[in-house]
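Below is my_file-v3.cif, holding mmCIF, C-alpha atoms.
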```cif
data_coords
loop_
_atom_site.group_PDB
_atom_site.id
_atom_site.type_symbol
_atom_site.label_atom_id
_atom_site.label_comp_id
_atom_site.auth_asym_id
_atom_site.auth_seq_id
_atom_site.Cartn_x
_atom_site.Cartn_y
_atom_site.Cartn_z
ATOM 1 C CA MET A 120 -59.320 107.919 -13.154
ATOM 2 C CA PRO A 121 -56.980 110.943 -13.271
ATOM 3 C CA ARG A 122 -58.300 114.467 -13.520
ATOM 4 C CA LEU A 123 -57.471 116.568 -16.571
ATOM 5 C CA SER A 124 -55.137 118.723 -14.472
ATOM 6 C CA GLU A 125 -53.081 115.618 -13.581
ATOM 7 C CA VAL A 126 -52.821 114.479 -17.195
ATOM 8 C CA ILE A 127 -51.860 117.991 -18.339
ATOM 9 C CA ALA A 128 -49.155 118.124 -15.654
ATOM 10 C CA ALA A 129 -47.780 114.857 -17.061
ATOM 11 C CA LEU A 130 -47.825 116.235 -20.609
ATOM 12 C CA ASP A 131 -46.119 119.424 -19.463
ATOM 13 C CA SER A 132 -43.367 117.319 -17.909
ATOM 14 C CA LEU A 133 -42.725 115.838 -21.360
ATOM 15 C CA TRP A 134 -42.993 119.132 -23.237
ATOM 16 C CA PRO A 135 -42.600 122.071 -20.833
ATOM 17 C CA PRO A 136 -44.517 125.033 -22.272
ATOM 18 C CA GLU A 137 -41.705 127.447 -21.384
ATOM 19 C CA ARG A 138 -39.531 125.720 -24.017
ATOM 20 C CA ALA A 139 -41.857 126.765 -26.828
ATOM 21 C CA GLU A 140 -40.819 129.578 -29.168
ATOM 22 C CA ASP A 141 -41.947 133.071 -28.105
ATOM 23 C CA TRP A 142 -44.389 133.339 -31.019
ATOM 24 C CA ASP A 143 -46.017 129.974 -30.329
ATOM 25 C CA ALA A 144 -49.354 129.203 -28.654
ATOM 26 C CA VAL A 145 -49.123 125.960 -26.682
ATOM 27 C CA GLY A 146 -50.944 124.530 -23.696
ATOM 28 C CA THR A 147 -54.592 123.851 -22.900
ATOM 29 C CA VAL A 148 -57.105 125.545 -25.191
ATOM 30 C CA CYS A 149 -60.273 124.305 -23.462
ATOM 31 C CA GLY A 150 -61.246 121.825 -20.771
ATOM 32 C CA ASP A 151 -62.288 121.636 -17.119
ATOM 33 C CA PRO A 152 -59.244 120.882 -14.922
ATOM 34 C CA ASP A 153 -61.427 118.761 -12.613
ATOM 35 C CA GLN A 154 -62.977 116.539 -15.280
ATOM 36 C CA GLU A 155 -61.938 112.878 -15.323
ATOM 37 C CA VAL A 156 -59.929 111.575 -18.275
ATOM 38 C CA THR A 157 -60.245 107.995 -19.485
ATOM 39 C CA ARG A 158 -59.490 108.212 -23.210
ATOM 40 C CA VAL A 159 -56.999 110.408 -25.110
ATOM 41 C CA LEU A 160 -56.590 110.982 -28.850
ATOM 42 C CA PHE A 161 -53.385 112.298 -30.446
ATOM 43 C CA ALA A 162 -53.366 114.038 -33.848
ATOM 44 C CA VAL A 163 -51.386 116.615 -35.815
ATOM 45 C CA ASP A 164 -54.158 119.107 -36.639
ATOM 46 C CA PRO A 165 -57.082 120.380 -34.511
ATOM 47 C CA VAL A 166 -59.497 120.419 -37.445
ATOM 48 C CA GLN A 167 -63.175 119.451 -37.476
ATOM 49 C CA GLU A 168 -62.476 115.985 -38.903
ATOM 50 C CA ILE A 169 -60.236 115.188 -35.947
ATOM 51 C CA VAL A 170 -62.654 116.660 -33.407
ATOM 52 C CA ASP A 171 -65.472 114.577 -34.882
ATOM 53 C CA GLU A 172 -63.224 111.528 -34.555
ATOM 54 C CA ALA A 173 -62.622 112.387 -30.896
ATOM 55 C CA VAL A 174 -66.391 112.635 -30.344
ATOM 56 C CA LYS A 175 -66.988 109.264 -32.024
ATOM 57 C CA LEU A 176 -64.206 107.738 -29.930
ATOM 58 C CA ASP A 177 -65.738 109.193 -26.751
ATOM 59 C CA ALA A 178 -62.388 110.808 -25.911
ATOM 60 C CA ASP A 179 -62.042 113.169 -22.969
ATOM 61 C CA LEU A 180 -58.843 114.797 -24.221
ATOM 62 C CA LEU A 181 -57.504 115.647 -27.669
ATOM 63 C CA VAL A 182 -53.787 116.405 -27.910
ATOM 64 C CA THR A 183 -52.584 118.012 -31.142
ATOM 65 C CA HIS A 184 -49.232 119.195 -32.405
ATOM 66 C CA HIS A 185 -50.535 122.247 -34.223
ATOM 67 C CA PRO A 186 -52.192 125.082 -32.314
ATOM 68 C CA LEU A 187 -55.820 125.976 -32.930
ATOM 69 C CA TYR A 188 -55.274 129.699 -32.318
ATOM 70 C CA LEU A 189 -51.722 130.660 -33.206
ATOM 71 C CA ARG A 190 -52.337 134.343 -33.907
ATOM 72 C CA GLY A 191 -55.156 135.039 -31.482
ATOM 73 C CA THR A 192 -58.824 135.639 -32.197
ATOM 74 C CA THR A 193 -61.727 137.890 -31.291
ATOM 75 C CA THR A 194 -64.472 135.289 -31.668
ATOM 76 C CA VAL A 195 -65.285 131.633 -31.104
ATOM 77 C CA ALA A 196 -68.587 131.894 -32.975
ATOM 78 C CA ALA A 197 -69.652 128.572 -34.441
ATOM 79 C CA SER A 198 -70.041 130.303 -37.812
ATOM 80 C CA THR A 199 -66.231 130.147 -38.128
ATOM 81 C CA PHE A 200 -64.499 126.801 -38.573
ATOM 82 C CA LYS A 201 -62.270 127.286 -35.514
ATOM 83 C CA GLY A 202 -65.232 128.436 -33.461
ATOM 84 C CA ARG A 203 -67.133 125.335 -34.539
ATOM 85 C CA VAL A 204 -64.202 123.226 -33.342
ATOM 86 C CA VAL A 205 -64.350 124.901 -29.924
ATOM 87 C CA HIS A 206 -68.138 124.504 -29.700
ATOM 88 C CA THR A 207 -67.937 120.811 -30.593
ATOM 89 C CA LEU A 208 -65.209 120.189 -28.021
ATOM 90 C CA ILE A 209 -67.014 121.956 -25.190
ATOM 91 C CA LYS A 210 -70.425 120.434 -25.985
ATOM 92 C CA ASN A 211 -68.882 116.985 -25.781
ATOM 93 C CA ASP A 212 -66.708 117.631 -22.699
ATOM 94 C CA ILE A 213 -63.485 117.143 -24.683
ATOM 95 C CA ALA A 214 -60.408 119.080 -23.641
ATOM 96 C CA LEU A 215 -57.846 120.284 -26.207
ATOM 97 C CA HIS A 216 -54.135 120.526 -25.407
ATOM 98 C CA VAL A 217 -51.368 121.653 -27.786
ATOM 99 C CA ALA A 218 -47.673 120.731 -27.811
ATOM 100 C CA HIS A 219 -45.972 122.464 -30.740
ATOM 101 C CA THR A 220 -42.440 123.901 -30.728
ATOM 102 C CA ASN A 221 -41.971 122.647 -27.166
ATOM 103 C CA ALA A 222 -42.434 119.155 -28.643
ATOM 104 C CA ASP A 223 -40.105 120.032 -31.549
ATOM 105 C CA ARG A 224 -37.297 120.840 -29.110
ATOM 106 C CA ALA A 225 -37.953 117.956 -26.696
ATOM 107 C CA ASP A 226 -35.798 114.883 -26.087
ATOM 108 C CA PRO A 227 -37.267 112.821 -27.620
ATOM 109 C CA GLY A 228 -39.219 115.129 -29.877
ATOM 110 C CA VAL A 229 -40.780 115.505 -33.309
ATOM 111 C CA SER A 230 -37.551 115.066 -35.268
ATOM 112 C CA ASP A 231 -36.553 112.016 -33.201
ATOM 113 C CA ALA A 232 -39.870 110.419 -34.155
ATOM 114 C CA LEU A 233 -39.245 111.268 -37.808
ATOM 115 C CA ALA A 234 -35.738 109.778 -37.652
ATOM 116 C CA GLY A 235 -37.121 106.676 -35.953
ATOM 117 C CA ALA A 236 -39.756 106.175 -38.644
ATOM 118 C CA LEU A 237 -36.982 106.224 -41.253
ATOM 119 C CA ASP A 238 -34.617 104.007 -39.238
ATOM 120 C CA PHE A 239 -31.949 106.721 -38.906
ATOM 121 C CA ARG A 240 -29.577 106.785 -35.944
ATOM 122 C CA VAL A 241 -29.741 110.164 -34.179
ATOM 123 C CA VAL A 242 -26.323 111.650 -33.404
ATOM 124 C CA ARG A 243 -27.210 115.077 -32.031
ATOM 125 C CA PRO A 244 -29.609 118.021 -32.369
ATOM 126 C CA LEU A 245 -29.057 120.245 -35.395
ATOM 127 C CA VAL A 246 -29.629 123.411 -33.331
ATOM 128 C CA PRO A 247 -28.939 122.547 -29.665
ATOM 129 C CA ASP A 248 -31.062 124.100 -26.933
ATOM 130 C CA PRO A 249 -28.642 126.326 -24.992
ATOM 131 C CA THR A 250 -30.529 125.600 -21.758
ATOM 132 C CA ASP A 251 -29.807 121.859 -22.029
ATOM 133 C CA PRO A 252 -26.462 120.998 -20.373
ATOM 134 C CA GLU A 253 -26.544 117.499 -21.891
ATOM 135 C CA GLY A 254 -26.922 118.836 -25.429
ATOM 136 C CA ARG A 255 -29.765 116.455 -26.349
ATOM 137 C CA ARG A 256 -32.647 118.890 -26.861
ATOM 138 C CA GLY A 257 -33.046 121.262 -29.768
ATOM 139 C CA LEU A 258 -34.396 121.696 -33.291
ATOM 140 C CA GLY A 259 -33.806 119.100 -35.987
ATOM 141 C CA ARG A 260 -31.579 116.040 -35.725
ATOM 142 C CA VAL A 261 -28.291 115.106 -37.359
ATOM 143 C CA CYS A 262 -28.470 111.396 -38.166
ATOM 144 C CA GLU A 263 -26.285 108.638 -39.538
ATOM 145 C CA LEU A 264 -27.280 105.704 -41.716
ATOM 146 C CA ASP A 265 -26.177 102.190 -40.832
ATOM 147 C CA HIS A 266 -25.459 101.639 -44.526
ATOM 148 C CA PRO A 267 -25.020 104.328 -47.213
ATOM 149 C CA LEU A 268 -27.974 104.885 -49.539
ATOM 150 C CA THR A 269 -28.238 106.819 -52.761
ATOM 151 C CA VAL A 270 -30.464 109.884 -52.696
ATOM 152 C CA ARG A 271 -32.909 107.916 -54.854
ATOM 153 C CA GLU A 272 -32.980 105.056 -52.353
ATOM 154 C CA LEU A 273 -33.360 107.475 -49.458
ATOM 155 C CA ALA A 274 -36.343 109.130 -51.139
ATOM 156 C CA ALA A 275 -37.888 105.721 -51.778
ATOM 157 C CA ARG A 276 -37.476 104.796 -48.104
ATOM 158 C CA ALA A 277 -39.158 108.035 -47.026
ATOM 159 C CA ALA A 278 -42.013 107.481 -49.487
ATOM 160 C CA GLU A 279 -42.494 103.942 -48.188
ATOM 161 C CA ARG A 280 -42.277 104.604 -44.456
ATOM 162 C CA LEU A 281 -43.927 107.987 -43.981
ATOM 163 C CA PRO A 282 -47.716 108.235 -44.184
ATOM 164 C CA ALA A 283 -48.929 108.421 -47.775
ATOM 165 C CA THR A 284 -49.791 111.884 -49.084
ATOM 166 C CA ALA A 285 -50.585 113.356 -52.489
ATOM 167 C CA GLN A 286 -47.227 115.147 -52.560
ATOM 168 C CA GLY A 287 -45.003 112.170 -51.852
ATOM 169 C CA ILE A 288 -41.306 113.104 -51.710
ATOM 170 C CA ARG A 289 -39.719 115.811 -53.869
ATOM 171 C CA VAL A 290 -35.958 115.666 -54.454
ATOM 172 C CA ALA A 291 -33.343 118.251 -55.409
ATOM 173 C CA GLY A 292 -29.804 117.105 -56.170
ATOM 174 C CA ASP A 293 -27.963 114.174 -57.683
ATOM 175 C CA ALA A 294 -30.214 111.119 -57.312
ATOM 176 C CA ASP A 295 -27.194 108.791 -57.482
ATOM 177 C CA ALA A 296 -25.131 110.575 -54.821
ATOM 178 C CA LEU A 297 -24.363 108.524 -51.713
ATOM 179 C CA VAL A 298 -25.820 109.576 -48.359
ATOM 180 C CA ARG A 299 -24.155 108.636 -45.093
ATOM 181 C CA THR A 300 -25.296 111.529 -42.905
ATOM 182 C CA VAL A 301 -28.736 113.136 -43.107
ATOM 183 C CA VAL A 302 -30.399 115.987 -41.248
ATOM 184 C CA VAL A 303 -34.118 115.648 -40.513
ATOM 185 C CA SER A 304 -36.532 118.264 -39.263
ATOM 186 C CA GLY A 305 -40.252 117.661 -38.894
ATOM 187 C CA GLY A 306 -42.388 120.445 -40.340
ATOM 188 C CA SER A 307 -41.167 123.544 -42.184
ATOM 189 C CA GLY A 308 -37.374 123.413 -42.427
ATOM 190 C CA ASP A 309 -35.971 125.974 -44.847
ATOM 191 C CA SER A 310 -35.167 128.392 -42.023
ATOM 192 C CA LEU A 311 -32.505 125.869 -40.979
ATOM 193 C CA PHE A 312 -30.465 125.909 -44.195
ATOM 194 C CA ASP A 313 -27.440 127.652 -42.650
ATOM 195 C CA ASP A 314 -27.362 125.120 -39.815
ATOM 196 C CA VAL A 315 -27.694 122.235 -42.277
ATOM 197 C CA ARG A 316 -24.709 123.513 -44.270
ATOM 198 C CA ALA A 317 -22.662 123.787 -41.092
ATOM 199 C CA ALA A 318 -23.570 120.210 -40.103
ATOM 200 C CA GLY A 319 -21.745 118.788 -43.130
ATOM 201 C CA ALA A 320 -24.538 116.330 -43.949
ATOM 202 C CA ASP A 321 -25.138 114.699 -47.322
ATOM 203 C CA ALA A 322 -28.907 115.266 -47.357
ATOM 204 C CA PHE A 323 -31.652 117.225 -45.624
ATOM 205 C CA LEU A 324 -35.145 115.768 -45.239
ATOM 206 C CA THR A 325 -37.861 118.164 -44.123
ATOM 207 C CA ALA A 326 -41.080 119.798 -45.409
ATOM 208 C CA ASP A 327 -42.484 122.999 -46.916
ATOM 209 C CA LEU A 328 -39.365 123.926 -48.882
ATOM 210 C CA ARG A 329 -40.068 127.156 -50.771
ATOM 211 C CA HIS A 330 -38.785 127.848 -54.281
ATOM 212 C CA HIS A 331 -36.383 130.722 -53.631
ATOM 213 C CA PRO A 332 -34.666 129.417 -50.467
ATOM 214 C CA ALA A 333 -34.299 125.956 -52.007
ATOM 215 C CA SER A 334 -33.058 127.319 -55.335
ATOM 216 C CA GLU A 335 -30.478 129.544 -53.670
ATOM 217 C CA PHE A 336 -29.381 126.734 -51.376
ATOM 218 C CA MET A 337 -28.804 124.349 -54.284
ATOM 219 C CA ALA A 338 -27.084 127.021 -56.390
ATOM 220 C CA ASP A 339 -24.516 127.915 -53.718
ATOM 221 C CA ARG A 340 -21.538 125.799 -54.758
ATOM 222 C CA ALA A 341 -19.296 127.222 -52.066
ATOM 223 C CA TYR A 342 -20.473 124.165 -50.155
ATOM 224 C CA SER A 343 -20.277 120.485 -51.060
ATOM 225 C CA PRO A 344 -23.334 119.156 -52.937
ATOM 226 C CA LEU A 345 -26.180 118.336 -50.597
ATOM 227 C CA ALA A 346 -29.520 116.804 -51.581
ATOM 228 C CA LEU A 347 -32.885 118.118 -50.432
ATOM 229 C CA LEU A 348 -35.834 115.835 -49.778
ATOM 230 C CA ASP A 349 -39.139 117.624 -49.318
ATOM 231 C CA ALA A 350 -42.030 115.654 -47.795
ATOM 232 C CA ALA A 351 -45.523 116.782 -46.820
ATOM 233 C CA HIS A 352 -45.604 118.793 -43.583
ATOM 234 C CA TRP A 353 -48.257 116.548 -42.010
ATOM 235 C CA ALA A 354 -46.382 113.366 -42.920
ATOM 236 C CA THR A 355 -43.140 114.492 -41.257
ATOM 237 C CA GLU A 356 -44.921 115.302 -37.991
ATOM 238 C CA TRP A 357 -47.406 112.423 -37.741
ATOM 239 C CA PRO A 358 -44.791 109.949 -36.362
ATOM 240 C CA TRP A 359 -44.581 112.182 -33.276
ATOM 241 C CA CYS A 360 -48.191 111.282 -32.450
ATOM 242 C CA GLU A 361 -47.209 107.641 -32.029
ATOM 243 C CA LEU A 362 -44.173 108.592 -29.938
ATOM 244 C CA ALA A 363 -46.236 110.940 -27.745
ATOM 245 C CA ALA A 364 -48.978 108.358 -27.274
ATOM 246 C CA ALA A 365 -46.410 105.785 -26.170
ATOM 247 C CA GLN A 366 -44.942 108.269 -23.688
ATOM 248 C CA LEU A 367 -48.363 108.978 -22.149
ATOM 249 C CA ASP A 368 -49.120 105.246 -22.091
ATOM 250 C CA GLU A 369 -45.975 104.700 -20.029
ATOM 251 C CA ILE A 370 -46.923 107.457 -17.588
ATOM 252 C CA SER A 371 -50.441 106.030 -17.312
ATOM 253 C CA ASP A 372 -49.110 102.554 -16.523
ATOM 254 C CA ARG A 373 -46.666 103.923 -13.964
ATOM 255 C CA ASN A 374 -49.417 105.840 -12.162
ATOM 256 C CA GLY A 375 -52.074 103.149 -12.491
ATOM 257 C CA TRP A 376 -54.366 105.476 -14.443
ATOM 258 C CA GLY A 377 -55.532 102.940 -17.006
ATOM 259 C CA LEU A 378 -55.829 105.537 -19.777
ATOM 260 C CA ARG A 379 -56.847 104.370 -23.233
ATOM 261 C CA VAL A 380 -54.576 106.234 -25.642
ATOM 262 C CA HIS A 381 -55.214 106.424 -29.384
ATOM 263 C CA VAL A 382 -53.493 107.925 -32.433
ATOM 264 C CA SER A 383 -55.601 109.317 -35.258
ATOM 265 C CA LYS A 384 -54.784 107.887 -38.676
ATOM 266 C CA THR A 385 -56.969 110.451 -40.422
ATOM 267 C CA VAL A 386 -54.936 112.220 -43.117
ATOM 268 C CA THR A 387 -55.279 115.958 -42.555
ATOM 269 C CA ASP A 388 -52.708 117.032 -45.125
ATOM 270 C CA PRO A 389 -54.592 119.673 -47.164
ATOM 271 C CA TRP A 390 -53.437 118.340 -50.561
ATOM 272 C CA THR A 391 -55.637 115.547 -51.906
ATOM 273 C CA ALA A 392 -54.321 114.750 -55.402
ATOM 274 C CA HIS A 393 -51.154 114.901 -57.474
ATOM 275 C CA ALA A 394 -50.771 114.922 -61.272
ATOM 276 C CA ALA A 395 -47.251 114.129 -62.458
ATOM 277 C CA SER A 396 -45.815 116.260 -65.247
ATOM 278 C CA ASN A 397 -46.076 114.797 -68.756
ATOM 279 C CA PRO A 398 -42.544 114.029 -70.003
ATOM 280 C CA THR A 399 -43.625 114.876 -73.573
ATOM 281 C CA ASN A 400 -44.710 118.359 -72.512
ATOM 282 C CA ALA A 401 -41.605 118.800 -70.416
ATOM 283 C CA SER A 402 -39.356 118.133 -73.417
ATOM 284 C CA ASP A 403 -40.967 121.080 -75.226
ATOM 285 C CA THR A 404 -40.313 123.476 -72.341
ATOM 286 C CA PRO A 405 -37.311 125.821 -72.831
ATOM 287 C CA GLY A 406 -34.431 124.603 -70.702
ATOM 288 C CA ALA A 407 -36.076 121.266 -69.877
ATOM 289 C CA PRO A 408 -33.988 118.102 -70.238
ATOM 290 C CA ASN A 409 -34.563 116.126 -73.472
#
```
This entry written out as structure tokens:
Amino acid sequence: MPRLSEVIAALDSLWPPERAEDWDAVGTVCGDPDQEVTRVLFAVDPVQEIVDEAVKLDADLLVTHHPLYLRGTTTVAASTFKGRVVHTLIKNDIALHVAHTNADRADPGVSDALAGALDFRVVRPLVPDPTDPEGRRGLGRVCELDHPLTVRELAARAAERLPATAQGIRVAGDADALVRTVVVSGGSGDSLFDDVRAAGADAFLTADLRHHPASEFMADRAYSPLALLDAAHWATEWPWCELAAAQLDEISDRNGWGLRVHVSKTVTDPWTAHAASNPTNASDTPGAPN
């Protein structure tokens, strides 16, 4: 069986920590470098539900996309929910490792996994990594469709193929417009609006689109109409867990480690229900369509 330090070295070869954004907190949060690793669990969020799943699975290593401590802390007391996570991990000899923006920028990375889940053909990164001479790494992906879809059909595909969440898929733009080129970015994407405009795509599928940036983006008619598709943050990043697990599986097979690698299917999106607007009420709202 490999030691934790060997498995972490393999993970760092996939997602080098130096490629993370300056503000990010990636790498190993807890774990003994000399402990043996036999079972690994991948998940998006390092929350108590996922840690409890790792305990039940008898995992030695939990790998998450989101950091546990992004802004630092002064305590790991078990009276706090993050402290309780740390206590549970250490008591059960489970290491925690984080690959966040270094996994976003990887080749393949988070947005490649999202494109793959939706059966889009990746053409290039939206924002190329200047340190990559081959131009394959970077944030977001510009993709092409094998056959044009309407915005409505594209939203339906995303709703069908991404993990189910209370939010589903929100759409801004002409539902009947044809889409041939689409930009995808796993996680929060409205900081990329300028790059999306420059890419000349027909649609942008991402998550966490805020009111004002989205409203201003759609109102700016200096650019050709472009549809926005807003999915749940967790749902756009979960496909990366399957990709990452497959990558570690391949490394394990190559090295003869015999690791048992799992992907959590626990939904950790914070939203649990959705109530659609009543069309009757909407018709009475000033400015609403009749």
Considering only C-alpha atoms, can you say which of A:Lys175, A:Arg271, A:Lys384, A:Arg329 comes closest to A:Trp353?
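Closest candidate: A:Lys384.
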From A:Leu176, A:Ala128, A:Leu281, A:Met337, residue lying nearest A:Leu367 [only C-alpha atoms]
A:Ala128
What residues come out when you apply the PyMOL selection byres ((chain A and resi 166) around 9) to this file, written as a list in words?
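In the shown coordinates, the PyMOL selection byres ((chain A and resi 166) around 9) covers Asp164, Pro165, Gln167, Glu168, Ile169, Val170, Asp171, Leu187, Phe200, Lys201, Val204 and Thr387 of chain A.
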For a test of reading the model, state the distance in Å between atom CA of A:Ala162 and atom CA of A:Pro136, rounded to one decimal.
18.3 Å
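Distances to A:Glu335 were evaluated for A:Val126, A:Ala291, A:Leu245, A:Val382 using all atoms listed in the file, and the minimum falls at A:Ala291.
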The PyMOL selection byres ((chain A and resi 244) around 10) - which residues does that actually catch in the file I just gave you? List them as number ranges by chain.
A: 224, 226, 230-231, 241-243, 245-248, 254-262, 302-304
From the list A:Ala294, A:Leu123, A:Leu215, A:Cys360, the nearest residue to A:Ser383 using all atoms listed in the file is A:Cys360
